[in-house]
Amino acid sequence: MSDMDYVFYRDRPEWSDVTPVEQDDGPNPVVPIAYSDKFKDALGYFRAVLRSNEHSERAFELTTSVIEVNSANYTCWHYRRILLDALQKDLREELAYAEQIGLSCPKNYQVWYHRRVVVERLRDAAQELPYTKTILGDDAKNYHAWSHRQWVLREFQLWEGELSFVDELLADDVRNNSAWCQRYFVINNSGAAAAAAAAGGLDAVRDREVAYAFKHIEAAPSNESAWNYLKGVLKGTFPLAADAAARTRAEQLALTHPAATPLLSFLLDVHEADAKACSNGGGEASLEKARELCEKLRGSVDTVRAKYWDYRLGRLRKSAWAEQ
């Protein structure tokens, strides 16, 4: 409703029995907020309804007016859900309303939570993956959309096709860290990895994901997101130092991309892990390589984070296994 069409609640005959409750900012507010007349009118009557705990159609309509002037008002959304139950409102109409508000303010936590509650009550998530896809189409890193999507996938077991969706996002932007996180979430929560492990095939899942990561790494060796995904996959199955094939591929890439910070950081992690694994002897070469990589990173490749690489170098020197 436009401001020109808005009728103040104080001027509505059906609200003449209600005395609005003004906001109490204390006797001497330091920096009073310049609320609009529309805002003060709607919130004044909302406080009154809240105080009397009125469950009515007019109260439900009032929550719509309050959300219009402040869609982040958690108390109003909570009261609206109480009224949904009390008045037995049509939940599908409410889902459409949540979509209308959500599209206009897609990073509003209160709207996303309200939508989740409505979907829970409906036990129907048919619209949720298409809806979140629309939101992510405008902002592929919208945390609220990803969080809702992950809840839907897990709650309703809608895993089929999700990896293909991630593929689409990475094809559009290989540096989309949210998409990499989503792939890791799906691999670890869809049951596919557990089923493979039960069948003795976890190595096949790991090898597939390592190959997938390197396919994208080779296209953009300085893409930290893909390297982090690779480390997550490897650390989730066995010690990082144990995958000789991944180390070899990384070392080969380092020959042609000697200034790719995430690549050198990965090799540093590998050599550090290798030195720890050989703490009883035999890890000197890996330890020395790790030190060299720290020196290179702090000295020329990633000078912005020189103090971090100093810290890593100091940790190498102080570790008990480094002293043996």
# chains A, B, ... in the order shown; residues from 1 in each chain; ligands from 1
>>> residues_around(residues="Tyr35 (chain A)", least_positions_apart="3", cutoff="12 Å", atoms="only C-alpha atoms", output="list in words")
Glu22, Gln23, Val31, Pro32, Lys38, Phe39, Lys40, Asp41, Ala42, Leu43, Gly44, Val69 and Asn70 of chain A
>>> write_last_selection(atoms="N, CA, C and O atoms", output="PDB file, in the first residue's frame")
ATOM      1  N   GLU A  22       2.360   4.411  23.001  1.00  0.00           N
ATOM      2  CA  GLU A  22       3.510   5.091  22.401  1.00  0.00           C
ATOM      3  C   GLU A  22       4.814   4.436  22.841  1.00  0.00           C
ATOM      4  O   GLU A  22       4.907   3.827  23.911  1.00  0.00           O
ATOM      5  N   GLN A  23       5.822   4.591  22.027  1.00  0.00           N
ATOM      6  CA  GLN A  23       7.137   4.062  22.381  1.00  0.00           C
ATOM      7  C   GLN A  23       7.736   4.878  23.513  1.00  0.00           C
ATOM      8  O   GLN A  23       7.703   6.113  23.483  1.00  0.00           O
ATOM      9  N   VAL A  31      19.460  10.389  21.387  1.00  0.00           N
ATOM     10  CA  VAL A  31      19.333  10.583  19.939  1.00  0.00           C
ATOM     11  C   VAL A  31      18.011   9.946  19.495  1.00  0.00           C
ATOM     12  O   VAL A  31      17.989   8.808  19.019  1.00  0.00           O
ATOM     13  N   PRO A  32      16.913  10.649  19.674  1.00  0.00           N
ATOM     14  CA  PRO A  32      15.616  10.066  19.284  1.00  0.00           C
ATOM     15  C   PRO A  32      15.539   9.848  17.775  1.00  0.00           C
ATOM     16  O   PRO A  32      16.010  10.671  16.991  1.00  0.00           O
ATOM     17  N   LYS A  38       3.501   7.272   9.806  1.00  0.00           N
ATOM     18  CA  LYS A  38       2.941   5.957   9.491  1.00  0.00           C
ATOM     19  C   LYS A  38       3.527   4.897  10.408  1.00  0.00           C
ATOM     20  O   LYS A  38       2.811   4.021  10.920  1.00  0.00           O
ATOM     21  N   PHE A  39       4.836   4.960  10.628  1.00  0.00           N
ATOM     22  CA  PHE A  39       5.517   4.004  11.496  1.00  0.00           C
ATOM     23  C   PHE A  39       4.980   4.115  12.921  1.00  0.00           C
ATOM     24  O   PHE A  39       4.617   3.105  13.554  1.00  0.00           O
ATOM     25  N   LYS A  40       4.917   5.345  13.455  1.00  0.00           N
ATOM     26  CA  LYS A  40       4.460   5.543  14.829  1.00  0.00           C
ATOM     27  C   LYS A  40       2.999   5.114  14.996  1.00  0.00           C
ATOM     28  O   LYS A  40       2.631   4.541  16.028  1.00  0.00           O
ATOM     29  N   ASP A  41       2.210   5.356  13.985  1.00  0.00           N
ATOM     30  CA  ASP A  41       0.786   4.977  14.045  1.00  0.00           C
ATOM     31  C   ASP A  41       0.637   3.456  14.120  1.00  0.00           C
ATOM     32  O   ASP A  41      -0.019   2.933  15.030  1.00  0.00           O
ATOM     33  N   ALA A  42       1.266   2.738  13.194  1.00  0.00           N
ATOM     34  CA  ALA A  42       1.133   1.281  13.144  1.00  0.00           C
ATOM     35  C   ALA A  42       1.720   0.625  14.387  1.00  0.00           C
ATOM     36  O   ALA A  42       1.098  -0.263  14.992  1.00  0.00           O
ATOM     37  N   LEU A  43       2.907   1.067  14.799  1.00  0.00           N
ATOM     38  CA  LEU A  43       3.552   0.452  15.965  1.00  0.00           C
ATOM     39  C   LEU A  43       2.817   0.770  17.256  1.00  0.00           C
ATOM     40  O   LEU A  43       2.778  -0.060  18.179  1.00  0.00           O
ATOM     41  N   GLY A  44       2.227   1.960  17.341  1.00  0.00           N
ATOM     42  CA  GLY A  44       1.460   2.294  18.543  1.00  0.00           C
ATOM     43  C   GLY A  44       0.284   1.349  18.744  1.00  0.00           C
ATOM     44  O   GLY A  44       0.047   0.858  19.856  1.00  0.00           O
ATOM     45  N   VAL A  69       6.341  -1.355   7.351  1.00  0.00           N
ATOM     46  CA  VAL A  69       7.217  -0.249   7.761  1.00  0.00           C
ATOM     47  C   VAL A  69       8.507  -0.751   8.411  1.00  0.00           C
ATOM     48  O   VAL A  69       9.493  -0.010   8.505  1.00  0.00           O
ATOM     49  N   ASN A  70       8.508  -2.002   8.869  1.00  0.00           N
ATOM     50  CA  ASN A  70       9.719  -2.566   9.480  1.00  0.00           C
ATOM     51  C   ASN A  70       9.671  -4.088   9.366  1.00  0.00           C
ATOM     52  O   ASN A  70       9.204  -4.783  10.267  1.00  0.00           O
TER      53      ASN A  70
END
>>> select_by_dssp(residues="region 63-293 of chain A", states="helix (DSSP H, G or I)", output="MDAnalysis selection string")
chainID A and resid 63:69 74:86 91:104 109:122 128:138 143:156 162:172 177:189 192:198 202:219 224:235 240:242 244:256 261:277 284:293
>>> residues_around(residues="Leu253 (chain A)", least_positions_apart="5", cutoff="12 Å", atoms="only C-alpha atoms", output="list in words")
Phe214, Lys215, Ile217, Glu218, Ala219, Ala220, Pro221, Ser222, Ala246, Arg247, Thr248, Pro258, Ala259, Ala260, Thr261, Pro262, Leu263, Leu264, Phe266 and Leu267 of chain A
>>> write_last_selection(atoms="N, CA and C atoms", output="PDB file, in the first residue's frame")
ATOM      1  N   PHE A 214      40.727 -30.640  -8.578  1.00  0.00           N
ATOM      2  CA  PHE A 214      41.880 -30.302  -9.417  1.00  0.00           C
ATOM      3  C   PHE A 214      41.449 -29.834 -10.808  1.00  0.00           C
ATOM      4  N   LYS A 215      40.349 -30.342 -11.285  1.00  0.00           N
ATOM      5  CA  LYS A 215      39.833 -29.886 -12.580  1.00  0.00           C
ATOM      6  C   LYS A 215      39.587 -28.374 -12.540  1.00  0.00           C
ATOM      7  N   ILE A 217      40.847 -26.318 -10.109  1.00  0.00           N
ATOM      8  CA  ILE A 217      42.086 -25.657  -9.693  1.00  0.00           C
ATOM      9  C   ILE A 217      42.969 -25.364 -10.900  1.00  0.00           C
ATOM     10  N   GLU A 218      43.054 -26.308 -11.795  1.00  0.00           N
ATOM     11  CA  GLU A 218      43.909 -26.123 -12.963  1.00  0.00           C
ATOM     12  C   GLU A 218      43.415 -24.991 -13.853  1.00  0.00           C
ATOM     13  N   ALA A 219      42.123 -24.701 -13.778  1.00  0.00           N
ATOM     14  CA  ALA A 219      41.576 -23.581 -14.548  1.00  0.00           C
ATOM     15  C   ALA A 219      41.847 -22.243 -13.871  1.00  0.00           C
ATOM     16  N   ALA A 220      42.039 -22.276 -12.543  1.00  0.00           N
ATOM     17  CA  ALA A 220      42.291 -21.039 -11.775  1.00  0.00           C
ATOM     18  C   ALA A 220      43.132 -21.409 -10.556  1.00  0.00           C
ATOM     19  N   PRO A 221      44.445 -21.563 -10.726  1.00  0.00           N
ATOM     20  CA  PRO A 221      45.313 -22.043  -9.635  1.00  0.00           C
ATOM     21  C   PRO A 221      45.351 -21.150  -8.396  1.00  0.00           C
ATOM     22  N   SER A 222      44.967 -19.903  -8.525  1.00  0.00           N
ATOM     23  CA  SER A 222      44.973 -18.999  -7.372  1.00  0.00           C
ATOM     24  C   SER A 222      43.614 -18.917  -6.688  1.00  0.00           C
ATOM     25  N   ALA A 246      47.834 -36.234  -4.805  1.00  0.00           N
ATOM     26  CA  ALA A 246      47.462 -34.827  -4.706  1.00  0.00           C
ATOM     27  C   ALA A 246      48.703 -33.961  -4.560  1.00  0.00           C
ATOM     28  N   ARG A 247      49.665 -34.440  -3.787  1.00  0.00           N
ATOM     29  CA  ARG A 247      50.908 -33.688  -3.618  1.00  0.00           C
ATOM     30  C   ARG A 247      51.640 -33.553  -4.947  1.00  0.00           C
ATOM     31  N   THR A 248      51.689 -34.638  -5.686  1.00  0.00           N
ATOM     32  CA  THR A 248      52.397 -34.618  -6.971  1.00  0.00           C
ATOM     33  C   THR A 248      51.744 -33.636  -7.930  1.00  0.00           C
ATOM     34  N   PRO A 258      54.297 -20.447  -9.874  1.00  0.00           N
ATOM     35  CA  PRO A 258      55.103 -20.349  -8.652  1.00  0.00           C
ATOM     36  C   PRO A 258      54.647 -19.258  -7.686  1.00  0.00           C
ATOM     37  N   ALA A 259      53.735 -18.415  -8.106  1.00  0.00           N
ATOM     38  CA  ALA A 259      53.283 -17.325  -7.236  1.00  0.00           C
ATOM     39  C   ALA A 259      51.817 -17.456  -6.846  1.00  0.00           C
ATOM     40  N   ALA A 260      51.261 -18.646  -6.985  1.00  0.00           N
ATOM     41  CA  ALA A 260      49.865 -18.882  -6.603  1.00  0.00           C
ATOM     42  C   ALA A 260      49.810 -19.157  -5.100  1.00  0.00           C
ATOM     43  N   THR A 261      49.378 -18.194  -4.326  1.00  0.00           N
ATOM     44  CA  THR A 261      49.420 -18.306  -2.868  1.00  0.00           C
ATOM     45  C   THR A 261      48.671 -19.521  -2.323  1.00  0.00           C
ATOM     46  N   PRO A 262      47.433 -19.801  -2.743  1.00  0.00           N
ATOM     47  CA  PRO A 262      46.738 -20.969  -2.191  1.00  0.00           C
ATOM     48  C   PRO A 262      47.450 -22.282  -2.519  1.00  0.00           C
ATOM     49  N   LEU A 263      48.075 -22.341  -3.680  1.00  0.00           N
ATOM     50  CA  LEU A 263      48.834 -23.534  -4.076  1.00  0.00           C
ATOM     51  C   LEU A 263      50.023 -23.735  -3.138  1.00  0.00           C
ATOM     52  N   LEU A 264      50.784 -22.680  -2.905  1.00  0.00           N
ATOM     53  CA  LEU A 264      51.946 -22.791  -2.018  1.00  0.00           C
ATOM     54  C   LEU A 264      51.500 -23.067  -0.576  1.00  0.00           C
ATOM     55  N   PHE A 266      48.872 -24.784   0.270  1.00  0.00           N
ATOM     56  CA  PHE A 266      48.507 -26.204   0.299  1.00  0.00           C
ATOM     57  C   PHE A 266      49.756 -27.063   0.464  1.00  0.00           C
ATOM     58  N   LEU A 267      50.789 -26.756  -0.306  1.00  0.00           N
ATOM     59  CA  LEU A 267      52.024 -27.530  -0.205  1.00  0.00           C
ATOM     60  C   LEU A 267      52.667 -27.370   1.168  1.00  0.00           C
TER      61      LEU A 267
END
>>> atom_distance(atom1="CA of Ser178 (chain A)", atom2="CA of Leu230 (chain A)")
14.5 Å
>>> residues_around(residues="region 137-145 of chain A", least_positions_apart="2", cutoff="8 Å", atoms="only C-alpha atoms", output="list in words")
Pro106, Lys107, Asn108, Tyr109, Trp112, Thr132, Lys133, Thr134, Ile135, Ser147, His148, Arg149, Leu169, Asn176, Asn177, Ser178 and Ala179 of chain A
>>> atom_distance(atom1="CA of Val152 (chain A)", atom2="CA of Val233 (chain A)")
23.6 Å
>>> atom_distance(atom1="CA of Asn228 (chain A)", atom2="CA of Cys181 (chain A)")
9.4 Å
>>> closest_residue(among="A:Thr19, A:Asn188, A:Ser104, A:Gln127", to="Gly232 (chain A)", atoms="only C-alpha atoms")
A:Asn188
